[in-house]
file coords-v9.cif (mmCIF, C-alpha atoms)
data_entry
#
loop_
_atom_site.label_atom_id
_atom_site.label_comp_id
_atom_site.auth_asym_id
_atom_site.auth_seq_id
_atom_site.Cartn_x
_atom_site.Cartn_y
_atom_site.Cartn_z
CA MET A 1 63.72 75.92 88.29
CA GLN A 2 64.81 76.58 91.86
CA GLN A 3 68.27 75.38 90.89
CA LEU A 4 68.34 77.94 88.08
CA ARG A 5 67.74 80.72 90.55
CA ARG A 6 70.64 79.46 92.64
CA TRP A 7 72.82 79.79 89.54
CA SER A 8 71.64 83.39 89.21
CA ILE A 9 69.77 82.59 86.02
CA ASP A 10 66.36 84.20 85.77
CA PRO A 11 63.85 81.27 85.68
CA THR A 12 61.22 83.47 84.01
CA ALA A 13 63.56 83.77 81.04
CA VAL A 14 63.50 79.98 80.55
CA ARG A 15 60.39 78.50 78.92
CA THR A 16 59.24 75.19 80.39
CA SER A 17 58.80 73.76 76.89
CA SER A 18 62.42 74.48 76.03
CA VAL A 19 63.52 72.53 79.11
CA TYR A 20 61.63 69.46 77.82
CA THR A 21 63.02 69.93 74.33
CA ALA A 22 66.54 70.06 75.77
CA LEU A 23 65.92 67.01 77.95
CA SER A 24 64.64 64.94 75.07
CA ARG A 25 67.56 65.97 72.89
CA LEU A 26 70.01 65.00 75.62
CA GLU A 27 68.20 61.70 76.00
CA ASP A 28 68.30 61.07 72.22
CA ASP A 29 72.02 61.71 72.28
CA MET A 30 72.26 59.21 75.17
CA LEU A 31 73.89 61.75 77.44
CA ILE A 32 71.17 61.41 80.08
CA GLU A 33 68.75 58.63 81.05
CA PRO A 34 65.71 58.38 83.31
CA ARG A 35 66.56 57.16 86.79
CA GLY A 36 64.44 54.92 88.98
CA PRO A 37 60.70 54.46 88.89
CA ALA A 38 58.69 57.56 88.13
CA ALA A 39 57.53 58.63 91.56
CA ALA A 40 54.22 60.38 92.02
CA SER A 41 54.90 63.89 93.20
CA GLY A 42 52.11 63.90 95.77
CA THR A 43 49.69 66.05 93.84
CA ASP A 44 47.51 64.97 90.95
CA ARG A 45 50.05 66.37 88.51
CA GLN A 46 52.16 64.28 86.18
CA PRO A 47 54.63 61.93 87.82
CA ARG A 48 58.08 63.39 88.29
CA ILE A 49 60.88 61.93 86.21
CA THR A 50 64.42 62.13 87.46
CA TYR A 51 67.26 62.05 84.94
CA GLY A 52 70.86 61.16 85.53
CA THR A 53 73.94 61.45 83.33
CA THR A 54 75.16 58.44 81.37
CA ALA A 55 78.86 57.61 81.19
CA ALA A 56 78.95 59.45 77.86
CA GLY A 57 77.13 62.38 79.44
CA GLU A 58 79.62 62.44 82.30
CA ALA A 59 82.50 62.49 79.81
CA ARG A 60 80.83 65.29 77.85
CA LEU A 61 80.30 67.33 81.04
CA GLU A 62 83.93 66.77 81.99
CA LYS A 63 85.09 67.99 78.58
CA TRP A 64 82.76 70.99 78.65
CA LEU A 65 83.89 72.01 82.15
CA ALA A 66 87.51 71.93 81.06
CA THR A 67 86.89 74.07 77.98
CA ARG A 68 87.72 77.72 78.47
CA PRO A 69 84.47 79.70 78.63
CA ALA A 70 84.00 81.93 75.62
CA SER A 71 81.73 84.40 77.34
CA TYR A 72 80.80 85.79 80.69
CA ASP A 73 77.59 83.71 80.78
CA GLU A 74 79.57 80.58 80.05
CA LEU A 75 81.89 81.39 82.94
CA ARG A 76 78.84 81.71 85.18
CA LEU A 77 77.64 78.28 84.08
CA ARG A 78 81.08 76.77 84.71
CA ILE A 79 81.02 78.11 88.25
CA ALA A 80 77.47 76.82 88.72
CA MET A 81 78.36 73.31 87.52
CA ALA A 82 81.86 73.00 88.99
CA ARG A 83 82.67 70.37 91.57
CA PRO A 84 85.27 70.82 94.33
CA GLN A 85 87.86 68.96 92.24
CA ASP A 86 87.47 71.61 89.52
CA LEU A 87 88.80 74.36 91.82
CA GLN A 88 92.11 74.87 90.00
CA LEU A 89 90.34 74.91 86.66
CA LEU A 90 87.93 77.57 87.89
CA ILE A 91 90.75 79.74 89.24
CA GLY A 92 92.36 79.63 85.79
CA PHE A 93 89.12 80.65 84.11
CA VAL A 94 88.49 83.48 86.55
CA ILE A 95 92.04 84.84 86.17
CA ALA A 96 91.74 84.70 82.38
CA ALA A 97 88.39 86.52 82.55
CA GLU A 98 89.84 89.11 84.93
CA GLN A 99 92.80 89.73 82.61
CA GLU A 100 90.47 90.15 79.68
CA CYS A 101 88.22 92.51 81.61
CA LEU A 102 91.19 94.68 82.67
CA GLU A 103 92.46 94.75 79.09
CA ARG A 104 89.09 96.01 77.88
CA LEU A 105 89.12 98.65 80.62
CA GLU A 106 92.58 99.73 79.46
CA GLU A 107 91.38 100.07 75.90
CA ILE A 108 88.05 101.77 76.45
CA GLU A 109 87.96 105.51 75.84
CA THR A 110 87.18 107.30 79.06
CA PRO A 111 84.62 109.96 78.23
CA PRO A 112 85.91 113.45 78.89
CA ILE A 113 84.74 114.50 82.29
CA GLU A 114 83.66 117.96 81.03
CA ALA A 115 81.04 116.35 78.80
CA LEU A 116 79.15 115.19 81.88
CA THR A 117 79.27 118.45 83.72
CA ALA A 118 79.58 121.56 81.59
CA GLN A 119 77.26 122.86 78.90
CA ALA A 120 78.39 120.16 76.51
CA PRO A 121 76.85 119.61 73.08
CA TRP A 122 73.93 117.16 73.13
CA GLU A 123 75.76 114.32 71.28
CA ALA A 124 78.78 114.66 73.55
CA LEU A 125 76.58 114.45 76.62
CA CYS A 126 74.72 111.34 75.39
CA GLY A 127 77.98 109.74 74.27
CA ALA A 128 79.58 110.40 77.64
CA ILE A 129 76.59 108.96 79.51
CA LEU A 130 76.75 105.79 77.41
CA GLY A 131 80.51 105.69 77.91
CA THR A 132 80.10 105.75 81.67
CA LEU A 133 77.62 102.86 81.35
CA ASP A 134 80.20 100.75 79.50
CA THR A 135 83.00 101.54 81.90
CA GLY A 136 80.65 101.09 84.86
CA GLU A 137 79.68 97.60 83.68
CA LEU A 138 83.27 96.61 83.07
CA ALA A 139 84.31 98.00 86.46
CA GLY A 140 81.52 95.99 88.11
CA ARG A 141 82.79 92.85 86.40
CA ALA A 142 86.35 93.60 87.43
CA ARG A 143 85.21 93.89 91.06
CA TRP A 144 83.23 90.65 90.91
CA LEU A 145 86.07 88.74 89.23
CA GLN A 146 88.60 90.01 91.78
CA GLU A 147 86.39 88.88 94.65
CA ALA A 148 85.72 85.52 92.99
CA ARG A 149 89.43 84.96 92.43
CA VAL A 150 90.35 85.79 96.02
CA ALA A 151 87.61 83.49 97.34
CA LEU A 152 88.67 80.58 95.12
CA GLU A 153 92.38 81.10 95.77
CA SER A 154 91.90 81.25 99.52
CA MET A 155 89.95 78.01 99.31
CA ARG A 156 92.90 76.46 97.51
CA ASP A 157 95.55 77.94 99.81
CA HIS A 158 93.71 77.30 103.09
CA PRO A 159 91.80 74.07 102.45
CA ALA A 160 91.38 73.54 106.20
CA ARG A 161 88.84 76.34 106.21
CA ARG A 162 86.68 74.56 103.72
CA ARG A 163 83.45 73.14 105.02
CA GLY A 164 81.13 70.53 103.56
CA MET B 165 113.54 98.83 75.19
CA SER B 166 114.08 97.44 78.67
CA PRO B 167 111.56 98.55 81.27
CA LEU B 168 112.43 101.22 83.84
CA LEU B 169 111.04 99.10 86.63
CA SER B 170 110.53 95.38 86.90
CA LEU B 171 109.42 93.11 89.67
CA GLU B 172 110.23 89.44 89.22
CA SER B 173 108.21 86.96 91.29
CA VAL B 174 108.31 89.15 94.37
CA SER B 175 106.89 87.81 97.63
CA LYS B 176 106.64 89.57 100.97
CA GLY B 177 105.13 88.51 104.26
CA PHE B 178 105.18 89.57 107.88
CA TRP B 179 104.17 88.24 111.25
CA ARG B 180 100.92 89.30 112.82
CA GLY B 181 101.50 88.00 116.35
CA GLN B 182 102.10 84.26 115.98
CA ARG B 183 100.56 84.12 112.53
CA PRO B 184 102.49 84.59 109.28
CA VAL B 185 100.65 86.76 106.77
CA ASP B 186 101.48 86.67 103.07
CA VAL B 187 101.12 90.23 101.85
CA LEU B 188 102.40 89.70 98.31
CA THR B 189 102.78 86.36 96.56
CA ASP B 190 104.75 85.90 93.36
CA VAL B 191 104.10 89.40 92.03
CA SER B 192 105.65 90.28 88.67
CA LEU B 193 105.23 93.49 86.71
CA THR B 194 107.10 95.82 84.42
CA LEU B 195 106.75 99.54 83.89
CA ASP B 196 108.16 101.33 80.86
CA ALA B 197 109.46 104.88 80.78
CA GLY B 198 106.54 107.27 80.42
CA GLU B 199 103.98 104.58 81.22
CA LEU B 200 101.02 105.39 83.45
CA ALA B 201 99.82 102.36 85.37
CA GLY B 202 97.32 101.79 88.14
CA VAL B 203 97.04 99.08 90.78
CA TRP B 204 93.66 98.67 92.44
CA GLY B 205 92.52 96.45 95.24
CA PRO B 206 90.76 96.45 98.58
CA ARG B 207 92.24 97.82 101.78
CA SER B 208 95.18 95.72 103.04
CA ALA B 209 95.59 94.08 99.64
CA GLY B 210 99.30 94.99 99.79
CA LYS B 211 99.30 98.13 97.64
CA THR B 212 101.36 100.24 100.05
CA THR B 213 103.78 97.35 100.65
CA LEU B 214 104.17 97.06 96.87
CA LEU B 215 105.12 100.74 96.59
CA GLU B 216 107.54 100.45 99.52
CA LEU B 217 109.27 97.48 97.89
CA ILE B 218 109.58 99.43 94.64
CA ALA B 219 111.04 102.43 96.48
CA GLY B 220 113.52 100.15 98.27
CA LEU B 221 112.07 101.00 101.67
CA GLN B 222 111.44 97.30 102.26
CA ASP B 223 113.16 94.18 100.98
CA PRO B 224 111.27 91.31 99.36
CA ASP B 225 111.44 87.86 101.01
CA ALA B 226 111.81 86.35 97.56
CA GLY B 227 112.14 87.66 94.03
CA ARG B 228 113.84 90.76 92.66
CA VAL B 229 113.04 94.43 92.23
CA LEU B 230 115.00 96.02 89.38
CA PHE B 231 115.19 99.74 88.69
CA ASP B 232 116.67 100.53 85.31
CA GLY B 233 118.06 97.00 85.21
CA ARG B 234 119.74 97.20 88.64
CA ASP B 235 118.70 94.83 91.40
CA LEU B 236 117.88 96.90 94.49
CA ALA B 237 119.17 94.08 96.71
CA THR B 238 122.71 94.60 95.38
CA MET B 239 122.75 98.33 96.17
CA THR B 240 124.40 99.85 99.21
CA ASP B 241 122.31 101.94 101.59
CA ARG B 242 123.86 105.08 100.12
CA GLU B 243 122.99 104.02 96.58
CA ARG B 244 119.44 103.30 97.62
CA SER B 245 119.17 106.65 99.31
CA THR B 246 120.42 108.34 96.13
CA LEU B 247 117.90 106.34 94.11
CA LEU B 248 115.12 107.48 96.40
CA HIS B 249 116.21 111.11 96.26
CA ARG B 250 117.09 111.38 92.59
CA GLU B 251 115.09 108.84 90.62
CA ILE B 252 111.93 108.04 92.54
CA GLY B 253 109.34 110.53 93.71
CA ILE B 254 106.81 109.47 96.31
CA ALA B 255 103.80 111.69 96.81
CA PRO B 256 103.61 111.91 100.62
CA ARG B 257 100.21 111.25 102.11
CA ASN B 258 100.85 113.33 105.19
CA GLY B 259 101.82 116.94 104.87
CA PRO B 260 104.68 118.73 106.62
CA ALA B 261 105.46 117.88 110.23
CA SER B 262 105.22 121.56 111.00
CA ARG B 263 101.57 122.28 110.29
CA ASP B 264 101.86 126.02 109.66
CA LEU B 265 104.73 125.71 107.17
CA PRO B 266 103.61 127.31 103.88
CA ILE B 267 103.19 124.78 101.09
CA ASP B 268 105.83 126.36 98.83
CA ARG B 269 108.43 126.16 101.63
CA TRP B 270 107.52 122.55 102.30
CA ILE B 271 107.96 121.66 98.63
CA SER B 272 111.25 123.55 98.37
CA LEU B 273 112.60 121.55 101.34
CA ALA B 274 112.67 118.53 99.02
CA LEU B 275 115.44 120.30 97.09
CA LEU B 276 117.64 121.13 100.09
CA ASP B 277 120.39 118.82 98.86
CA ARG B 278 120.67 120.40 95.43
CA ALA B 279 119.44 123.99 95.38
CA GLY B 280 119.72 127.19 97.36
CA TRP B 281 116.56 128.35 99.08
CA ARG B 282 115.77 131.01 96.51
CA ASP B 283 116.17 128.60 93.59
CA GLY B 284 114.33 125.92 95.56
CA LEU B 285 111.40 128.23 96.13
CA ARG B 286 111.31 129.21 92.48
CA ARG B 287 111.16 125.54 91.45
CA ALA B 288 108.52 124.85 94.10
CA HIS B 289 106.34 127.53 92.52
CA GLN B 290 106.92 125.99 89.09
CA ALA B 291 105.87 122.58 90.43
CA LEU B 292 102.73 124.06 92.00
CA GLU B 293 101.97 125.79 88.70
CA ARG B 294 102.46 122.48 86.92
CA VAL B 295 99.87 120.68 89.09
CA GLY B 296 97.44 123.59 88.90
CA ALA B 297 97.72 124.56 92.57
CA ALA B 298 99.68 127.80 92.32
CA ASP B 299 97.01 129.62 94.34
CA VAL B 300 97.72 127.63 97.52
CA ALA B 301 101.49 128.32 97.55
CA ARG B 302 101.32 130.36 100.76
CA ALA B 303 98.60 128.30 102.45
CA ALA B 304 99.21 125.80 105.27
CA TRP B 305 98.47 122.08 104.86
CA ASP B 306 95.58 122.13 107.31
CA ASP B 307 93.80 124.77 105.23
CA LEU B 308 93.84 122.67 102.03
CA SER B 309 91.00 120.58 100.67
CA ASP B 310 91.62 116.85 100.07
CA GLY B 311 92.01 117.53 96.35
CA GLU B 312 94.53 120.32 96.96
CA ARG B 313 96.48 118.06 99.32
CA THR B 314 96.79 115.41 96.63
CA LEU B 315 97.89 117.98 94.06
CA THR B 316 100.48 119.58 96.33
CA SER B 317 101.79 116.14 97.34
CA ILE B 318 102.33 115.36 93.68
CA ALA B 319 104.06 118.75 93.31
CA ARG B 320 106.38 117.84 96.19
CA ALA B 321 107.18 114.51 94.50
CA ILE B 322 107.80 115.88 91.00
CA VAL B 323 109.83 118.93 92.06
CA ARG B 324 112.90 116.65 92.13
CA GLU B 325 112.18 115.58 88.56
CA PRO B 326 112.11 111.85 89.26
CA ARG B 327 111.97 109.17 86.57
CA LEU B 328 109.39 107.19 88.53
CA LEU B 329 106.48 108.73 90.41
CA LEU B 330 104.63 106.68 93.05
CA VAL B 331 101.25 107.95 94.21
CA ASP B 332 99.44 105.98 96.90
CA ASP B 333 95.67 106.31 96.78
CA PRO B 334 95.46 109.90 95.48
CA ASN B 335 91.69 109.78 95.05
CA ALA B 336 90.68 108.88 98.60
CA GLY B 337 87.67 110.98 99.47
CA LEU B 338 87.63 112.92 96.21
CA GLY B 339 84.66 113.66 93.97
CA LEU B 340 84.38 112.89 90.28
CA LEU B 341 85.63 116.27 89.08
CA GLU B 342 88.69 116.33 91.33
CA ARG B 343 89.50 112.77 90.29
CA GLY B 344 89.31 113.83 86.68
CA GLU B 345 91.70 116.69 87.39
CA ILE B 346 94.22 114.35 89.04
CA ALA B 347 93.91 111.76 86.27
CA THR B 348 94.60 114.46 83.68
CA LEU B 349 97.61 115.67 85.65
CA LEU B 350 99.11 112.17 86.03
CA ARG B 351 98.55 111.46 82.34
CA SER B 352 100.38 114.61 81.36
CA VAL B 353 103.25 113.91 83.79
CA ALA B 354 103.67 110.52 82.10
CA HIS B 355 103.14 111.60 78.49
CA ASP B 356 104.78 115.02 78.43
CA ALA B 357 107.64 114.54 80.87
CA GLY B 358 108.19 110.83 80.14
CA VAL B 359 107.93 109.97 83.84
CA SER B 360 106.73 106.47 84.70
CA VAL B 361 103.78 106.78 87.04
CA LEU B 362 102.38 104.09 89.31
CA VAL B 363 99.21 104.97 91.15
CA THR B 364 97.14 102.90 93.59
CA ALA B 365 93.41 103.03 94.24
CA ALA B 366 90.80 101.26 96.30
CA ASP B 367 88.48 100.88 93.33
CA VAL B 368 89.02 100.19 89.66
CA SER B 369 86.86 103.14 88.60
CA GLU B 370 89.42 105.49 90.15
CA ILE B 371 92.21 104.41 87.80
CA GLN B 372 90.26 104.27 84.58
CA GLY B 373 92.18 105.91 81.81
CA THR B 374 95.58 104.60 82.91
CA ARG B 375 97.42 102.75 80.15
CA THR B 376 97.83 99.68 82.33
CA ILE B 377 95.50 98.37 85.01
CA TRP B 378 96.50 95.73 87.53
CA SER B 379 94.24 94.10 90.07
CA LEU B 380 95.86 93.29 93.43
CA ALA B 381 93.91 91.18 95.89
CA GLY B 382 94.69 88.26 98.12
CA GLY B 383 98.37 89.15 97.65
CA ARG B 384 98.30 88.29 93.95
CA LEU B 385 98.53 90.64 91.01
CA VAL B 386 96.50 90.07 87.86
CA GLY B 387 96.76 92.03 84.64
CA ARG B 388 97.53 91.82 80.98
CA PRO B 389 100.18 89.12 80.54
CA ALA B 390 103.65 90.38 79.57
CA SER B 391 103.40 88.74 76.14
CA ARG B 392 100.26 90.66 75.26
CA ARG B 393 101.53 93.88 76.86
CA ALA B 394 104.51 94.08 74.51
CA ASP B 395 102.17 93.92 71.51
CA ALA B 396 99.87 96.46 73.09
CA THR B 397 102.69 98.98 73.38
CA VAL B 398 103.38 98.72 69.67
CA VAL B 399 99.69 99.00 68.83
CA ASP B 400 99.29 101.89 71.24
CA MET B 401 102.21 103.79 69.74
CA ALA B 402 100.99 103.12 66.20
CA ALA B 403 97.47 104.20 67.10
CA ARG B 404 98.76 107.38 68.71
CA ARG B 405 100.87 108.19 65.68
CA ALA B 406 97.93 107.52 63.39
CA SER B 407 95.73 109.84 65.40
CA GLY B 408 98.38 112.51 65.40
CA LEU B 409 99.08 112.27 69.13
CA GLY B 410 102.41 110.44 68.96
#

call {"tool": "encode", "arguments": {"input": "coords-v9.cif", "output": "structure tokens"}}
result
Amino acid sequence: MQQLRRWSIDPTAVRTSSVYTALSRLEDDMLIEPRGPAAASGTDRQPRITYGTTAAGEARLEKWLATRPASYDELRLRIAMARPQDLQLLIGFVIAAEQECLERLEEIETPPIEALTAQAPWEALCGAILGTLDTGELAGRARWLQEARVALESMRDHPARRRG
Amino acid sequence: MSPLLSLESVSKGFWRGQRPVDVLTDVSLTLDAGELAGVWGPRSAGKTTLLELIAGLQDPDAGRVLFDGRDLATMTDRERSTLLHREIGIAPRNGPASRDLPIDRWISLALLDRAGWRDGLRRAHQALERVGAADVARAAWDDLSDGERTLTSIARAIVREPRLLLVDDPNAGLGLLERGEIATLLRSVAHDAGVSVLVTAADVSEIQGTRTIWSLAGGRLVGRPASRRADATVVDMAARRASGLG
């Protein structure tokens, strides 16, 4: 759950039961397996079970990482799961996402500025407010993607700077 | 239709003390006649260098800059100077050197090589009218607001009727309404007069509404790939015709 927070996923949005369901499905599919003896976690709670990926699971992860993310959330998960050797892959994904984001910004209708300021009709005002929300969200993404790209590219171009 | 401007894999660097700095790396873009495009990126991303390369004020270390199909590197100094005076308009960020020179005189000075002073002044007034700043014709630069400075700079650049207009960071320090005014002006310069317009900004929100948006950071330019841009032009034209705008 702590790891989820590090990936900027809200842990309160994930039900504990669904984690166990997912784990058992992955185990049934032989993508993960329990590792080592179940160690007591120090309290009187249930013993903690650690899982590791099987060779098949590793291959599946590899394939998934290399698949172009179909959504923004998937891109986030790729970044969360990526290893240093996936750097070039990530740069490609981020550039593709940035291009797509800019294209959407190009296509979106900018609400007329008067609608936000003058005595505009009610529908025009509401429409313009919603329009600024859409463009604001896209602009925020464009900023984030630009920063992510520069950070990843500078890691690639100046590997000496990279630490641990 | 071949583009008015194209950059092919352009790179540019300089030395900061002992350290080489890559300002632009492998930058490619094309700009069609009448296209309004924006480049946004943080400070020192290379936006000004990009405009200077396009205007022929600097030479790329690698790659080519083509204006109307002609490689700037093959032009003589005189040809470049003609290009800069006749075909490309740069909206100057600093006003006249003489601070109390009236704005209309300053704008008419841009026409010294082609018009008498009376005709020059008349065209300066027309340009000020065009940008919606006719009321500051007799004012001095120091008395103008930031928004008026941007508008009059654009007037100074378009008074020569260029085919390409370069505007570096026109929205710096401006509020939402003034930005809207400048965006509307640049759109109409591109659409009505068929001038290609390239504008830079520190933030993407400042160039919303431009037909093309490029992101420049870390020396690299990202935007809609050329293959998809060609389609978009067709779609855009068709959509405009369908909506009665074309």

call {"tool": "closest_atom_pairs", "arguments": {"input": "coords-v9.cif", "of": "chain B", "to": "chain A", "cutoff": "12 Å", "atoms": "only C-alpha atoms", "output": "Markdown table"}}
result
| residue | atom | partner | partner_atom | distance |
| --- | --- | --- | --- | --- |
| B:Asp186 | CA | A:Asp157 | CA | 11.0 |
| B:Thr189 | CA | A:Asp157 | CA | 11.6 |
| B:Leu200 | CA | A:Glu106 | CA | 10.9 |
| B:Ala201 | CA | A:Glu106 | CA | 9.7 |
| B:Gly202 | CA | A:Glu106 | CA | 10.1 |
| B:Val203 | CA | A:Leu102 | CA | 10.9 |
| B:Trp204 | CA | A:Arg143 | CA | 9.8 |
| B:Gly205 | CA | A:Gln146 | CA | 8.3 |
| B:Pro206 | CA | A:Glu147 | CA | 9.6 |
| B:Ala209 | CA | A:Val150 | CA | 10.5 |
| B:Gly339 | CA | A:Ile113 | CA | 11.7 |
| B:Leu340 | CA | A:Ile113 | CA | 8.2 |
| B:Leu341 | CA | A:Ile113 | CA | 7.1 |
| B:Glu342 | CA | A:Ile113 | CA | 10.0 |
| B:Arg343 | CA | A:Ile113 | CA | 9.5 |
| B:Gly344 | CA | A:Ile113 | CA | 6.4 |
| B:Glu345 | CA | A:Ile113 | CA | 8.9 |
| B:Ile346 | CA | A:Ile113 | CA | 11.6 |
| B:Ala347 | CA | A:Ile113 | CA | 10.4 |
| B:Thr348 | CA | A:Ile113 | CA | 10.0 |
| B:Ala366 | CA | A:Arg143 | CA | 10.6 |
| B:Asp367 | CA | A:Arg143 | CA | 8.0 |
| B:Val368 | CA | A:Ala139 | CA | 6.1 |
| B:Ser369 | CA | A:Ala139 | CA | 6.1 |
| B:Glu370 | CA | A:Ala139 | CA | 9.8 |
| B:Ile371 | CA | A:Glu106 | CA | 9.6 |
| B:Gln372 | CA | A:Leu105 | CA | 7.0 |
| B:Gly373 | CA | A:Thr110 | CA | 5.9 |
| B:Thr374 | CA | A:Glu106 | CA | 6.7 |
| B:Arg375 | CA | A:Glu106 | CA | 5.7 |
| B:Thr376 | CA | A:Glu106 | CA | 6.0 |
| B:Ile377 | CA | A:Leu102 | CA | 6.1 |
| B:Trp378 | CA | A:Leu102 | CA | 7.3 |
| B:Ser379 | CA | A:Gln146 | CA | 7.2 |
| B:Leu380 | CA | A:Gln146 | CA | 8.1 |
| B:Ala381 | CA | A:Val150 | CA | 6.5 |
| B:Gly382 | CA | A:Val150 | CA | 5.4 |
| B:Gly383 | CA | A:Val150 | CA | 8.8 |
| B:Arg384 | CA | A:Val150 | CA | 8.6 |
| B:Leu385 | CA | A:Ile95 | CA | 10.0 |
| B:Val386 | CA | A:Gln99 | CA | 6.4 |
| B:Gly387 | CA | A:Gln99 | CA | 5.0 |
| B:Arg388 | CA | A:Gln99 | CA | 5.4 |
| B:Pro389 | CA | A:Gln99 | CA | 7.7 |
| B:Ala390 | CA | A:Gln99 | CA | 11.3 |
| B:Arg392 | CA | A:Glu103 | CA | 9.6 |
| B:Arg393 | CA | A:Glu103 | CA | 9.4 |
| B:Ala396 | CA | A:Glu107 | CA | 9.6 |
| B:Thr397 | CA | A:Glu107 | CA | 11.6 |
| B:Val399 | CA | A:Glu107 | CA | 11.0 |
| B:Asp400 | CA | A:Glu107 | CA | 9.4 |
| B:Ala403 | CA | A:Glu107 | CA | 11.5 |

call {"tool": "write_last_selection", "arguments": {"input": "coords-v9.cif", "atoms": "C-alpha atoms", "output": "short mmCIF file (atom, residue, chain, number, x, y, z; two decimals), in the frame of the given file"}}
result
data_model
loop_
_atom_site.label_atom_id
_atom_site.label_comp_id
_atom_site.auth_asym_id
_atom_site.auth_seq_id
_atom_site.Cartn_x
_atom_site.Cartn_y
_atom_site.Cartn_z
CA ASP B 186 101.48 86.67 103.07
CA THR B 189 102.78 86.36 96.56
CA LEU B 200 101.02 105.39 83.45
CA ALA B 201 99.82 102.36 85.37
CA GLY B 202 97.32 101.79 88.14
CA VAL B 203 97.04 99.08 90.78
CA TRP B 204 93.66 98.67 92.44
CA GLY B 205 92.52 96.45 95.24
CA PRO B 206 90.76 96.45 98.58
CA ALA B 209 95.59 94.08 99.64
CA GLY B 339 84.66 113.66 93.97
CA LEU B 340 84.38 112.89 90.28
CA LEU B 341 85.63 116.27 89.08
CA GLU B 342 88.69 116.33 91.33
CA ARG B 343 89.50 112.77 90.29
CA GLY B 344 89.31 113.83 86.68
CA GLU B 345 91.70 116.69 87.39
CA ILE B 346 94.22 114.35 89.04
CA ALA B 347 93.91 111.76 86.27
CA THR B 348 94.60 114.46 83.68
CA ALA B 366 90.80 101.26 96.30
CA ASP B 367 88.48 100.88 93.33
CA VAL B 368 89.02 100.19 89.66
CA SER B 369 86.86 103.14 88.60
CA GLU B 370 89.42 105.49 90.15
CA ILE B 371 92.21 104.41 87.80
CA GLN B 372 90.26 104.27 84.58
CA GLY B 373 92.18 105.91 81.81
CA THR B 374 95.58 104.60 82.91
CA ARG B 375 97.42 102.75 80.15
CA THR B 376 97.83 99.68 82.33
CA ILE B 377 95.50 98.37 85.01
CA TRP B 378 96.50 95.73 87.53
CA SER B 379 94.24 94.10 90.07
CA LEU B 380 95.86 93.29 93.43
CA ALA B 381 93.91 91.18 95.89
CA GLY B 382 94.69 88.26 98.12
CA GLY B 383 98.37 89.15 97.65
CA ARG B 384 98.30 88.29 93.95
CA LEU B 385 98.53 90.64 91.01
CA VAL B 386 96.50 90.07 87.86
CA GLY B 387 96.76 92.03 84.64
CA ARG B 388 97.53 91.82 80.98
CA PRO B 389 100.18 89.12 80.54
CA ALA B 390 103.65 90.38 79.57
CA ARG B 392 100.26 90.66 75.26
CA ARG B 393 101.53 93.88 76.86
CA ALA B 396 99.87 96.46 73.09
CA THR B 397 102.69 98.98 73.38
CA VAL B 399 99.69 99.00 68.83
CA ASP B 400 99.29 101.89 71.24
CA ALA B 403 97.47 104.20 67.10
#

call {"tool": "resolve_selection", "arguments": {"input": "coords-v9.cif", "expression": "the PyMOL selection byres ((chain A and resi 53-58) around 7)", "output": "PyMOL selection string"}}
result
chain A and resi 30-33+51-52+59-62

call {"tool": "residues_around", "arguments": {"input": "coords-v9.cif", "residues": "Leu171 in chain B", "least_positions_apart": "5", "cutoff": "10 Å", "atoms": "only C-alpha atoms", "output": "count of residues only"}}
result
15

call {"tool": "residues_around", "arguments": {"input": "coords-v9.cif", "residues": "range 357-360 of chain B", "least_positions_apart": "5", "cutoff": "8 Å", "atoms": "only C-alpha atoms", "output": "PyMOL selection string"}}
result
chain B and resi 168+195-200+326-329+352

call {"tool": "resolve_selection", "arguments": {"input": "coords-v9.cif", "expression": "the PyMOL selection byres ((chain B and resi 273) around 12)", "output": "JSON list (two decimals) with C-alpha atoms, in the frame of the given file"}}
result
[["chain", "number", "residue", "atom", "x", "y", "z"],
["B", 260, "PRO", "CA", 104.68, 118.73, 106.62],
["B", 261, "ALA", "CA", 105.46, 117.88, 110.23],
["B", 265, "LEU", "CA", 104.73, 125.71, 107.17],
["B", 266, "PRO", "CA", 103.61, 127.31, 103.88],
["B", 267, "ILE", "CA", 103.19, 124.78, 101.09],
["B", 268, "ASP", "CA", 105.83, 126.36, 98.83],
["B", 269, "ARG", "CA", 108.43, 126.16, 101.63],
["B", 270, "TRP", "CA", 107.52, 122.55, 102.30],
["B", 271, "ILE", "CA", 107.96, 121.66, 98.63],
["B", 272, "SER", "CA", 111.25, 123.55, 98.37],
["B", 274, "ALA", "CA", 112.67, 118.53, 99.02],
["B", 275, "LEU", "CA", 115.44, 120.30, 97.09],
["B", 276, "LEU", "CA", 117.64, 121.13, 100.09],
["B", 277, "ASP", "CA", 120.39, 118.82, 98.86],
["B", 278, "ARG", "CA", 120.67, 120.40, 95.43],
["B", 279, "ALA", "CA", 119.44, 123.99, 95.38],
["B", 280, "GLY", "CA", 119.72, 127.19, 97.36],
["B", 281, "TRP", "CA", 116.56, 128.35, 99.08],
["B", 282, "ARG", "CA", 115.77, 131.01, 96.51],
["B", 283, "ASP", "CA", 116.17, 128.60, 93.59],
["B", 284, "GLY", "CA", 114.33, 125.92, 95.56],
["B", 285, "LEU", "CA", 111.40, 128.23, 96.13],
["B", 286, "ARG", "CA", 111.31, 129.21, 92.48],
["B", 287, "ARG", "CA", 111.16, 125.54, 91.45],
["B", 288, "ALA", "CA", 108.52, 124.85, 94.10],
["B", 320, "ARG", "CA", 106.38, 117.84, 96.19],
["B", 321, "ALA", "CA", 107.18, 114.51, 94.50],
["B", 323, "VAL", "CA", 109.83, 118.93, 92.06],
["B", 324, "ARG", "CA", 112.90, 116.65, 92.13]]
